[in-house]
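S.K.: For reference, the file protein_18.cif (mmCIF, C-alpha atoms and all ligand atoms; chains and numbers go by the auth columns) is included below:
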```
data_structure
loop_
_atom_site.group_PDB
_atom_site.id
_atom_site.type_symbol
_atom_site.label_atom_id
_atom_site.label_comp_id
_atom_site.label_asym_id
_atom_site.label_seq_id
_atom_site.Cartn_x
_atom_site.Cartn_y
_atom_site.Cartn_z
_atom_site.B_iso_or_equiv
_atom_site.auth_seq_id
_atom_site.auth_asym_id
ATOM 1 C CA MET A 1 -19.424 -24.024 -80.143 0.00 1 A
ATOM 2 C CA PHE A 2 -19.628 -27.460 -81.738 0.00 2 A
ATOM 3 C CA ASP A 3 -16.968 -30.042 -81.116 0.00 3 A
ATOM 4 C CA SER A 4 -14.225 -28.568 -83.235 0.00 4 A
ATOM 5 C CA THR A 5 -12.016 -25.562 -82.995 0.00 5 A
ATOM 6 C CA ARG A 6 -13.347 -22.194 -84.007 0.00 6 A
ATOM 7 C CA ARG A 7 -10.881 -22.122 -86.897 0.00 7 A
ATOM 8 C CA ASN A 8 -12.065 -25.430 -88.291 0.00 8 A
ATOM 9 C CA PHE A 9 -15.621 -24.354 -87.820 0.00 9 A
ATOM 10 C CA LEU A 10 -15.088 -21.255 -89.950 0.00 10 A
ATOM 11 C CA GLN A 11 -13.115 -23.069 -92.625 0.00 11 A
ATOM 12 C CA GLN A 12 -15.664 -25.807 -93.009 0.00 12 A
ATOM 13 C CA THR A 13 -18.689 -23.611 -92.952 0.00 13 A
ATOM 14 C CA SER A 14 -19.239 -21.921 -96.271 0.00 14 A
ATOM 15 C CA ILE A 15 -21.121 -19.133 -94.608 0.00 15 A
ATOM 16 C CA GLY A 16 -18.997 -18.925 -91.515 0.00 16 A
ATOM 17 C CA LEU A 17 -18.496 -15.208 -91.333 0.00 17 A
ATOM 18 C CA ALA A 18 -21.953 -14.464 -92.553 0.00 18 A
ATOM 19 C CA THR A 19 -23.404 -16.334 -89.663 0.00 19 A
ATOM 20 C CA PHE A 20 -21.934 -13.921 -87.170 0.00 20 A
ATOM 21 C CA GLY A 21 -23.976 -11.175 -88.735 0.00 21 A
ATOM 22 C CA ILE A 22 -27.081 -12.848 -87.446 0.00 22 A
ATOM 23 C CA SER A 23 -26.010 -14.518 -84.290 0.00 23 A
ATOM 24 C CA GLY A 24 -24.035 -11.606 -82.944 0.00 24 A
ATOM 25 C CA LEU A 25 -27.043 -9.590 -81.946 0.00 25 A
ATOM 26 C CA VAL A 26 -29.762 -10.414 -79.478 0.00 26 A
ATOM 27 C CA LEU A 27 -31.685 -7.288 -78.743 0.00 27 A
ATOM 28 C CA ARG A 28 -35.022 -8.223 -77.363 0.00 28 A
ATOM 29 C CA SER A 29 -36.909 -11.133 -76.051 0.00 29 A
ATOM 30 C CA GLU A 30 -39.275 -11.193 -78.986 0.00 30 A
ATOM 31 C CA ALA A 31 -36.478 -11.183 -81.579 0.00 31 A
ATOM 32 C CA GLN A 32 -36.853 -13.832 -84.229 0.00 32 A
ATOM 33 C CA PRO A 33 -34.883 -16.954 -83.353 0.00 33 A
ATOM 34 C CA THR A 34 -32.933 -18.846 -85.944 0.00 34 A
ATOM 35 C CA GLN A 35 -34.815 -21.947 -86.828 0.00 35 A
ATOM 36 C CA GLU A 36 -32.528 -24.931 -87.108 0.00 36 A
ATOM 37 C CA VAL A 37 -28.881 -25.518 -86.509 0.00 37 A
ATOM 38 C CA SER A 38 -27.264 -28.624 -87.897 0.00 38 A
ATOM 39 C CA ARG A 39 -24.802 -30.191 -85.510 0.00 39 A
ATOM 40 C CA ASN A 40 -23.761 -32.957 -87.848 0.00 40 A
ATOM 41 C CA ARG A 41 -20.079 -33.011 -88.595 0.00 41 A
ATOM 42 C CA SER A 42 -20.884 -34.043 -92.149 0.00 42 A
ATOM 43 C CA ASP A 43 -22.873 -30.983 -93.110 0.00 43 A
ATOM 44 C CA ARG A 44 -21.726 -27.906 -91.355 0.00 44 A
ATOM 45 C CA ILE A 45 -24.429 -25.687 -92.717 0.00 45 A
ATOM 46 C CA LEU A 46 -26.048 -23.314 -90.288 0.00 46 A
ATOM 47 C CA ILE A 47 -28.719 -21.681 -92.396 0.00 47 A
ATOM 48 C CA GLN A 48 -31.127 -24.137 -93.909 0.00 48 A
ATOM 49 C CA MET A 49 -31.590 -22.677 -97.371 0.00 49 A
ATOM 50 C CA GLY A 50 -34.730 -24.633 -98.184 0.00 50 A
ATOM 51 C CA PRO A 51 -38.337 -23.471 -98.096 0.00 51 A
ATOM 52 C CA VAL A 52 -39.081 -25.210 -94.802 0.00 52 A
ATOM 53 C CA LEU A 53 -40.774 -22.789 -92.477 0.00 53 A
ATOM 54 C CA LYS A 54 -41.927 -23.788 -89.061 0.00 54 A
ATOM 55 C CA ASP A 55 -42.863 -20.510 -87.492 0.00 55 A
ATOM 56 C CA GLY A 56 -46.137 -20.064 -89.298 0.00 56 A
ATOM 57 C CA ILE A 57 -44.825 -17.658 -91.907 0.00 57 A
ATOM 58 C CA THR A 58 -46.613 -18.359 -95.123 0.00 58 A
ATOM 59 C CA ALA A 59 -46.661 -16.841 -98.552 0.00 59 A
ATOM 60 C CA LYS A 60 -47.482 -13.146 -98.620 0.00 60 A
ATOM 61 C CA SER A 61 -49.737 -12.334 -101.508 0.00 61 A
ATOM 62 C CA ASP A 62 -49.622 -8.554 -101.214 0.00 62 A
ATOM 63 C CA LEU A 63 -45.887 -8.029 -101.679 0.00 63 A
ATOM 64 C CA ARG A 64 -44.957 -4.645 -103.063 0.00 64 A
ATOM 65 C CA LYS A 65 -41.768 -4.130 -105.040 0.00 65 A
ATOM 66 C CA VAL A 66 -39.195 -1.835 -103.454 0.00 66 A
ATOM 67 C CA THR A 67 -38.395 1.380 -105.302 0.00 67 A
ATOM 68 C CA PRO A 68 -34.711 1.239 -106.261 0.00 68 A
ATOM 69 C CA GLN A 69 -32.274 4.057 -105.620 0.00 69 A
ATOM 70 C CA PRO A 70 -28.693 4.566 -106.855 0.00 70 A
ATOM 71 C CA TYR A 71 -25.655 3.443 -104.885 0.00 71 A
ATOM 72 C CA GLY A 72 -24.492 7.024 -104.440 0.00 72 A
ATOM 73 C CA PRO A 73 -20.823 7.887 -104.039 0.00 73 A
ATOM 74 C CA PHE A 74 -20.210 6.420 -100.591 0.00 74 A
ATOM 75 C CA TYR A 75 -20.663 2.682 -101.066 0.00 75 A
ATOM 76 C CA ARG A 76 -17.608 0.610 -100.214 0.00 76 A
ATOM 77 C CA THR A 77 -17.240 -3.114 -100.641 0.00 77 A
ATOM 78 C CA GLY A 78 -16.062 -5.316 -97.823 0.00 78 A
ATOM 79 C CA ALA A 79 -18.050 -4.020 -94.878 0.00 79 A
ATOM 80 C CA PRO A 80 -17.819 -6.335 -91.876 0.00 80 A
ATOM 81 C CA PHE A 81 -20.518 -8.908 -91.196 0.00 81 A
ATOM 82 C CA ARG A 82 -22.159 -7.791 -87.978 0.00 82 A
ATOM 83 C CA GLY A 83 -25.502 -6.972 -86.448 0.00 83 A
ATOM 84 C CA LYS A 84 -24.343 -3.714 -84.887 0.00 84 A
ATOM 85 C CA LEU A 85 -23.126 -1.160 -87.406 0.00 85 A
ATOM 86 C CA SER A 86 -22.052 1.607 -85.035 0.00 86 A
ATOM 87 C CA LEU A 87 -19.233 1.423 -82.536 0.00 87 A
ATOM 88 C CA PRO A 88 -19.970 1.402 -78.801 0.00 88 A
ATOM 89 C CA GLY A 89 -20.672 4.943 -77.718 0.00 89 A
ATOM 90 C CA GLU A 90 -21.286 6.243 -81.232 0.00 90 A
ATOM 91 C CA PRO A 91 -23.094 9.589 -80.800 0.00 91 A
ATOM 92 C CA GLY A 92 -26.668 9.608 -82.025 0.00 92 A
ATOM 93 C CA THR A 93 -30.025 8.026 -81.406 0.00 93 A
ATOM 94 C CA THR A 94 -29.826 4.269 -81.076 0.00 94 A
ATOM 95 C CA PHE A 95 -31.863 2.731 -83.867 0.00 95 A
ATOM 96 C CA VAL A 96 -32.930 -0.864 -84.416 0.00 96 A
ATOM 97 C CA LEU A 97 -33.869 -1.736 -87.971 0.00 97 A
ATOM 98 C CA SER A 98 -35.437 -5.071 -88.759 0.00 98 A
ATOM 99 C CA GLY A 99 -37.527 -6.720 -91.408 0.00 99 A
ATOM 100 C CA ARG A 100 -37.827 -9.693 -93.664 0.00 100 A
ATOM 101 C CA VAL A 101 -36.542 -10.451 -97.135 0.00 101 A
ATOM 102 C CA TRP A 102 -39.159 -11.785 -99.567 0.00 102 A
ATOM 103 C CA ALA A 103 -39.035 -13.274 -103.046 0.00 103 A
ATOM 104 C CA TYR A 104 -41.475 -11.501 -105.320 0.00 104 A
ATOM 105 C CA ASP A 105 -41.923 -14.575 -107.522 0.00 105 A
ATOM 106 C CA THR A 106 -42.675 -17.140 -104.820 0.00 106 A
ATOM 107 C CA LYS A 107 -44.124 -14.675 -102.276 0.00 107 A
ATOM 108 C CA ARG A 108 -42.084 -16.486 -99.625 0.00 108 A
ATOM 109 C CA PRO A 109 -39.252 -15.373 -97.342 0.00 109 A
ATOM 110 C CA LEU A 110 -35.747 -15.557 -98.791 0.00 110 A
ATOM 111 C CA PRO A 111 -32.997 -16.927 -96.535 0.00 111 A
ATOM 112 C CA GLY A 112 -29.293 -16.403 -97.015 0.00 112 A
ATOM 113 C CA VAL A 113 -29.583 -12.977 -98.641 0.00 113 A
ATOM 114 C CA VAL A 114 -26.611 -10.674 -98.067 0.00 114 A
ATOM 115 C CA LEU A 115 -27.811 -7.255 -96.921 0.00 115 A
ATOM 116 C CA ASP A 116 -25.184 -4.522 -97.076 0.00 116 A
ATOM 117 C CA PHE A 117 -26.029 -1.295 -95.178 0.00 117 A
ATOM 118 C CA TRP A 118 -24.247 2.051 -94.882 0.00 118 A
ATOM 119 C CA HIS A 119 -25.250 5.487 -93.575 0.00 119 A
ATOM 120 C CA VAL A 120 -23.965 8.821 -92.248 0.00 120 A
ATOM 121 C CA ASP A 121 -23.056 9.708 -88.710 0.00 121 A
ATOM 122 C CA ILE A 122 -24.441 12.733 -86.857 0.00 122 A
ATOM 123 C CA ALA A 123 -21.650 14.911 -88.283 0.00 123 A
ATOM 124 C CA GLU A 124 -23.161 14.224 -91.748 0.00 124 A
ATOM 125 C CA LYS A 125 -20.158 12.067 -92.658 0.00 125 A
ATOM 126 C CA TYR A 126 -19.729 8.550 -94.019 0.00 126 A
ATOM 127 C CA SER A 127 -16.857 6.476 -92.718 0.00 127 A
ATOM 128 C CA ASN A 128 -14.192 5.951 -95.358 0.00 128 A
ATOM 129 C CA GLY A 129 -14.905 2.236 -95.671 0.00 129 A
ATOM 130 C CA THR A 130 -11.246 1.283 -95.784 0.00 130 A
ATOM 131 C CA THR A 131 -9.721 1.917 -92.386 0.00 131 A
ATOM 132 C CA ASP A 132 -12.980 3.017 -90.793 0.00 132 A
ATOM 133 C CA PHE A 133 -16.200 1.021 -91.199 0.00 133 A
ATOM 134 C CA ARG A 134 -18.373 2.886 -88.734 0.00 134 A
ATOM 135 C CA ASN A 135 -22.029 2.719 -89.677 0.00 135 A
ATOM 136 C CA ARG A 136 -21.428 0.079 -92.316 0.00 136 A
ATOM 137 C CA GLY A 137 -22.165 -3.611 -92.092 0.00 137 A
ATOM 138 C CA ARG A 138 -23.468 -6.694 -93.796 0.00 138 A
ATOM 139 C CA LEU A 139 -25.923 -9.256 -92.509 0.00 139 A
ATOM 140 C CA VAL A 140 -27.428 -12.453 -93.871 0.00 140 A
ATOM 141 C CA SER A 141 -31.163 -13.086 -93.745 0.00 141 A
ATOM 142 C CA SER A 142 -32.215 -15.995 -91.567 0.00 142 A
ATOM 143 C CA GLU A 143 -34.100 -19.177 -92.416 0.00 143 A
ATOM 144 C CA THR A 144 -37.273 -17.117 -92.377 0.00 144 A
ATOM 145 C CA GLY A 145 -35.799 -14.167 -94.232 0.00 145 A
ATOM 146 C CA PHE A 146 -35.513 -12.135 -91.031 0.00 146 A
ATOM 147 C CA TYR A 147 -32.809 -9.593 -90.306 0.00 147 A
ATOM 148 C CA GLU A 148 -32.179 -7.132 -87.497 0.00 148 A
ATOM 149 C CA LEU A 149 -29.447 -4.606 -86.893 0.00 149 A
ATOM 150 C CA GLU A 150 -28.600 -1.924 -84.357 0.00 150 A
ATOM 151 C CA SER A 151 -26.994 1.340 -85.330 0.00 151 A
ATOM 152 C CA ILE A 152 -27.650 5.030 -84.881 0.00 152 A
ATOM 153 C CA ARG A 153 -30.433 6.796 -86.695 0.00 153 A
ATOM 154 C CA PRO A 154 -29.078 8.428 -89.870 0.00 154 A
ATOM 155 C CA ILE A 155 -29.712 12.158 -90.147 0.00 155 A
ATOM 156 C CA PRO A 156 -30.303 14.369 -93.199 0.00 156 A
ATOM 157 C CA TYR A 157 -27.041 15.626 -94.673 0.00 157 A
ATOM 158 C CA ARG A 158 -25.617 18.058 -97.170 0.00 158 A
ATOM 159 C CA PRO A 159 -23.578 16.235 -99.814 0.00 159 A
ATOM 160 C CA ASN A 160 -21.843 19.486 -100.760 0.00 160 A
ATOM 161 C CA PRO A 161 -22.013 21.832 -97.767 0.00 161 A
ATOM 162 C CA THR A 162 -19.753 24.485 -99.275 0.00 162 A
ATOM 163 C CA GLY A 163 -20.840 24.377 -102.929 0.00 163 A
ATOM 164 C CA ALA A 164 -24.543 23.728 -102.360 0.00 164 A
ATOM 165 C CA PRO A 165 -25.286 24.393 -98.701 0.00 165 A
ATOM 166 C CA GLU A 166 -29.029 24.504 -99.284 0.00 166 A
ATOM 167 C CA PHE A 167 -29.240 21.005 -100.771 0.00 167 A
ATOM 168 C CA TRP A 168 -30.136 18.403 -98.194 0.00 168 A
ATOM 169 C CA ARG A 169 -30.529 14.686 -98.656 0.00 169 A
ATOM 170 C CA CYS A 170 -33.334 13.210 -96.592 0.00 170 A
ATOM 171 C CA ALA A 171 -32.150 10.829 -93.868 0.00 171 A
ATOM 172 C CA HIS A 172 -31.593 7.305 -95.149 0.00 172 A
ATOM 173 C CA PHE A 173 -30.033 3.944 -94.718 0.00 173 A
ATOM 174 C CA HIS A 174 -28.433 2.775 -97.949 0.00 174 A
ATOM 175 C CA LEU A 175 -28.972 -0.891 -98.731 0.00 175 A
ATOM 176 C CA VAL A 176 -27.882 -3.336 -101.376 0.00 176 A
ATOM 177 C CA ALA A 177 -29.380 -6.842 -101.228 0.00 177 A
ATOM 178 C CA ILE A 178 -27.756 -9.724 -103.080 0.00 178 A
ATOM 179 C CA SER A 179 -29.082 -13.250 -103.567 0.00 179 A
ATOM 180 C CA PRO A 180 -28.213 -15.839 -106.223 0.00 180 A
ATOM 181 C CA GLY A 181 -30.913 -16.029 -108.896 0.00 181 A
ATOM 182 C CA TYR A 182 -32.355 -12.629 -107.981 0.00 182 A
ATOM 183 C CA GLU A 183 -31.749 -9.155 -109.297 0.00 183 A
ATOM 184 C CA PRO A 184 -29.555 -7.163 -106.940 0.00 184 A
ATOM 185 C CA LEU A 185 -31.593 -4.478 -105.216 0.00 185 A
ATOM 186 C CA VAL A 186 -29.989 -1.129 -104.451 0.00 186 A
ATOM 187 C CA THR A 187 -32.196 1.237 -102.506 0.00 187 A
ATOM 188 C CA GLU A 188 -32.537 3.681 -99.653 0.00 188 A
ATOM 189 C CA ILE A 189 -34.678 3.361 -96.552 0.00 189 A
ATOM 190 C CA HIS A 190 -36.297 6.677 -95.686 0.00 190 A
ATOM 191 C CA PHE A 191 -38.210 7.896 -92.621 0.00 191 A
ATOM 192 C CA GLN A 192 -41.788 9.046 -92.387 0.00 192 A
ATOM 193 C CA GLY A 193 -41.961 12.633 -91.184 0.00 193 A
ATOM 194 C CA ASP A 194 -38.402 13.433 -92.252 0.00 194 A
ATOM 195 C CA PRO A 195 -37.833 17.209 -92.030 0.00 195 A
ATOM 196 C CA LYS A 196 -35.997 17.048 -95.373 0.00 196 A
ATOM 197 C CA LYS A 197 -38.556 15.075 -97.310 0.00 197 A
ATOM 198 C CA ASN A 198 -38.614 17.789 -99.949 0.00 198 A
ATOM 199 C CA ASP A 199 -35.456 16.049 -101.206 0.00 199 A
ATOM 200 C CA PRO A 200 -36.481 14.950 -104.741 0.00 200 A
ATOM 201 C CA MET A 201 -35.109 11.491 -103.990 0.00 201 A
ATOM 202 C CA TYR A 202 -37.461 11.008 -101.029 0.00 202 A
ATOM 203 C CA ARG A 203 -39.826 8.100 -101.672 0.00 203 A
ATOM 204 C CA PRO A 204 -42.796 7.796 -99.308 0.00 204 A
ATOM 205 C CA GLU A 205 -43.162 4.130 -100.245 0.00 205 A
ATOM 206 C CA ASN A 206 -39.637 3.522 -98.917 0.00 206 A
ATOM 207 C CA ALA A 207 -40.258 5.468 -95.708 0.00 207 A
ATOM 208 C CA ILE A 208 -40.480 3.552 -92.460 0.00 208 A
ATOM 209 C CA VAL A 209 -42.546 4.366 -89.411 0.00 209 A
ATOM 210 C CA VAL A 210 -40.389 5.117 -86.376 0.00 210 A
ATOM 211 C CA GLU A 211 -41.388 3.850 -82.953 0.00 211 A
ATOM 212 C CA GLU A 212 -39.798 4.755 -79.657 0.00 212 A
ATOM 213 C CA GLN A 213 -39.153 1.999 -77.148 0.00 213 A
ATOM 214 C CA ASN A 214 -37.389 1.424 -73.849 0.00 214 A
ATOM 215 C CA ALA A 215 -34.904 -1.271 -72.933 0.00 215 A
ATOM 216 C CA ASN A 216 -32.610 -1.481 -69.927 0.00 216 A
ATOM 217 C CA GLY A 217 -33.532 2.024 -68.898 0.00 217 A
ATOM 218 C CA ARG A 218 -32.614 3.456 -72.273 0.00 218 A
ATOM 219 C CA VAL A 219 -34.826 4.909 -74.953 0.00 219 A
ATOM 220 C CA PHE A 220 -34.209 3.828 -78.510 0.00 220 A
ATOM 221 C CA GLN A 221 -36.030 3.966 -81.820 0.00 221 A
ATOM 222 C CA ARG A 222 -36.944 1.187 -84.158 0.00 222 A
ATOM 223 C CA GLY A 223 -38.377 0.680 -87.619 0.00 223 A
ATOM 224 C CA VAL A 224 -39.277 -2.172 -89.937 0.00 224 A
ATOM 225 C CA PHE A 225 -38.365 -2.413 -93.611 0.00 225 A
ATOM 226 C CA ASP A 226 -39.150 -5.453 -95.718 0.00 226 A
ATOM 227 C CA VAL A 227 -36.964 -6.188 -98.726 0.00 227 A
ATOM 228 C CA VAL A 228 -38.523 -7.704 -101.858 0.00 228 A
ATOM 229 C CA LEU A 229 -36.291 -9.214 -104.526 0.00 229 A
ATOM 230 C CA GLU A 230 -37.252 -9.991 -108.099 0.00 230 A
ATOM 231 C CA ARG A 231 -36.142 -13.111 -109.926 0.00 231 A
ATOM 232 C CA GLU A 232 -33.230 -12.549 -112.264 0.00 232 A
ATOM 233 C CA SER A 233 -34.427 -12.492 -115.852 0.00 233 A
ATOM 234 C CA ASP A 234 -33.364 -15.389 -118.116 0.00 234 A
ATOM 235 C CA SER A 235 -31.653 -13.053 -120.544 0.00 235 A
ATOM 236 C CA LYS A 236 -28.991 -12.120 -118.007 0.00 236 A
HETATM 237 FE FE FE B . -26.379 8.689 -98.671 0.00 301 B
#
```
Using structure tokens, write down the structure from this file.
M.R.:
Amino acid sequence: MFDSTRRNFLQQTSIGLATFGISGLVLRSEAQPTQEVSRNRSDRILIQMGPVLKDGITAKSDLRKVTPQPYGPFYRTGAPFRGKLSLPGEPGTTFVLSGRVWAYDTKRPLPGVVLDFWHVDIAEKYSNGTTDFRNRGRLVSSETGFYELESIRPIPYRPNPTGAPEFWRCAHFHLVAISPGYEPLVTEIHFQGDPKKNDPMYRPENAIVVEEQNANGRVFQRGVFDVVLERESDSK
């Protein structure tokens, strides 16, 4: 890794930790590569934050805004930067979520966006987010706005199983996306065909299609969710 120590590398790279969120996960041969890595000692910047795109991705004219959702009670700051949210051996269906972050104003991909995800385990529980960060993690979008994570598939859960045992939340990933100059987006990613889609918070426009795939003799599921951020208004 470069010609300096790992410590120096992290200290001199403003996005040092964030970078591990992207580079720590290589799941499939067709995964999106990062585009350029500067090896100059003078500018230790790994993600090129400019609009230069070399992989043929152009402006997308038909961007649709993402329906926001509330944070809910289980968000915790400080989730680790990583591309795999669940621990090795976490019970559940392995799920790969990927997509691209877009700017609604320019219709182009947005690099360097912090994406903060959290979701329940198959016991309908969130990790506490202080000593236990299972199923929580942050990533940074790549030069082409791409992100990809591996976790387990969230299941529907009862927020209040004793007081309101009949009330189910539909399955969801929570997500907050943060980028300078853009309005923070807080939302939920839902699943098409969810058995609990009678949840009043279920939004079909936020629901991803789930595909089943095989890798290394294992079956896993995957889905794609694109994030669209709106420019921060001048009054703020
Ligand atoms: Fe939730």
S.K.: Let me have all residues with an atom within 7 Å of ligand FE 301 (chain B), counting all atoms listed in the file, laid out as an MDAnalysis selection string.
M.R.: chainID A and resid 72 74 119:120 172 174
S.K.: Quote the spacing between atom CA of A:Arg218 and atom CA of A:Phe95 in Å to one decimal place.
M.R.: 11.6 Å
S.K.: Assuming the chain letters and numbering stay as they are in my file, what does the PyMOL selection byres (((chain A and resi 224) around 8) and not hetatm) actually select? List them as a list in words.
M.R.: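 Going through the file, the PyMOL selection byres (((chain A and resi 224) around 8) and not hetatm) ends up selecting Leu97, Ser98, Gly99, Ile208, Val209, Arg222, Gly223, Phe225 and Asp226 of chain A.
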S.K.: List the spatial neighbours of stretch 121-124 of chain A as a PDB file with C-alpha atoms, in the frame of the given file - criterion: any atom at most 8 Å away, all atoms listed in the file, same-chain residues fewer than 5 positions off excluded.
M.R.:
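The resulting file, part_29.pdb, is shown below:
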```pdb
ATOM      1  CA  PRO A  91     -23.094   9.589 -80.800  1.00  0.00           C
ATOM      2  CA  GLY A  92     -26.668   9.608 -82.025  1.00  0.00           C
ATOM      3  CA  ASN A 135     -22.029   2.719 -89.677  1.00  0.00           C
ATOM      4  CA  ILE A 152     -27.650   5.030 -84.881  1.00  0.00           C
ATOM      5  CA  PRO A 154     -29.078   8.428 -89.870  1.00  0.00           C
ATOM      6  CA  ILE A 155     -29.712  12.158 -90.147  1.00  0.00           C
ATOM      7  CA  PRO A 156     -30.303  14.369 -93.199  1.00  0.00           C
ATOM      8  CA  TYR A 157     -27.041  15.626 -94.673  1.00  0.00           C
ATOM      9  CA  ARG A 158     -25.617  18.058 -97.170  1.00  0.00           C
TER      10      ARG A 158
END
```
S.K.: Check what the PyMOL selection byres (((chain A and resi 175) around 7) and not hetatm) selects in the file above and give those residues as a list of chain:residue names.
M.R.: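 Selected by the PyMOL selection byres (((chain A and resi 175) around 7) and not hetatm) here: A:Leu115, A:Asp116, A:Phe117, A:Trp118, A:Phe173, A:His174, A:Val176, A:Ala177, A:Val186, A:Thr187, A:Glu188.
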S.K.: Please indicate the distance in Å from atom CA of A:Pro111 to atom CA of A:Ala59, rounded to one decimal place.
M.R.: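 Atom CA of A:Ala59 lies 13.8 Å from atom CA of A:Pro111.
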S.K.: Name every residue that the PyMOL selection byres (((chain A and resi 110) around 8) and not hetatm) selects in this structure, writing the answer as JSON, numbers by chain with chains first and numbers rising.
M.R.: {"A": [101, 102, 103, 108, 109, 111, 112, 113, 141, 143, 144, 145]}
S.K.: Provide the atom CA of A:Phe191 to atom CA of A:Ala207 distance in Å, to one decimal place.
M.R.: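 These two atoms are separated by 4.4 Å.
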S.K.: List every protein, DNA or RNA residue with an atom no more than 6 Å from (-34.3, -8.9, -109.6) in the file's coordinates, counting all atoms listed in the file, and format the result as number ranges by chain.
M.R.: A: 182-184, 229-232
S.K.: May I have the residues from that selection written out with C-alpha atoms, as a PDB file, in the coordinates of the input?
M.R.:
```pdb
ATOM      1  CA  TYR A 182     -32.355 -12.629-107.981  1.00  0.00           C
ATOM      2  CA  GLU A 183     -31.749  -9.155-109.297  1.00  0.00           C
ATOM      3  CA  PRO A 184     -29.555  -7.163-106.940  1.00  0.00           C
ATOM      4  CA  LEU A 229     -36.291  -9.214-104.526  1.00  0.00           C
ATOM      5  CA  GLU A 230     -37.252  -9.991-108.099  1.00  0.00           C
ATOM      6  CA  ARG A 231     -36.142 -13.111-109.926  1.00  0.00           C
ATOM      7  CA  GLU A 232     -33.230 -12.549-112.264  1.00  0.00           C
TER       8      GLU A 232
END
```
S.K.: Choose the residue, out of A:Val210, A:Leu85, A:Val219, A:Leu185, that has the smallest atom-to-atom separation from A:Tyr71; count only C-alpha atoms.
M.R.: A:Leu185
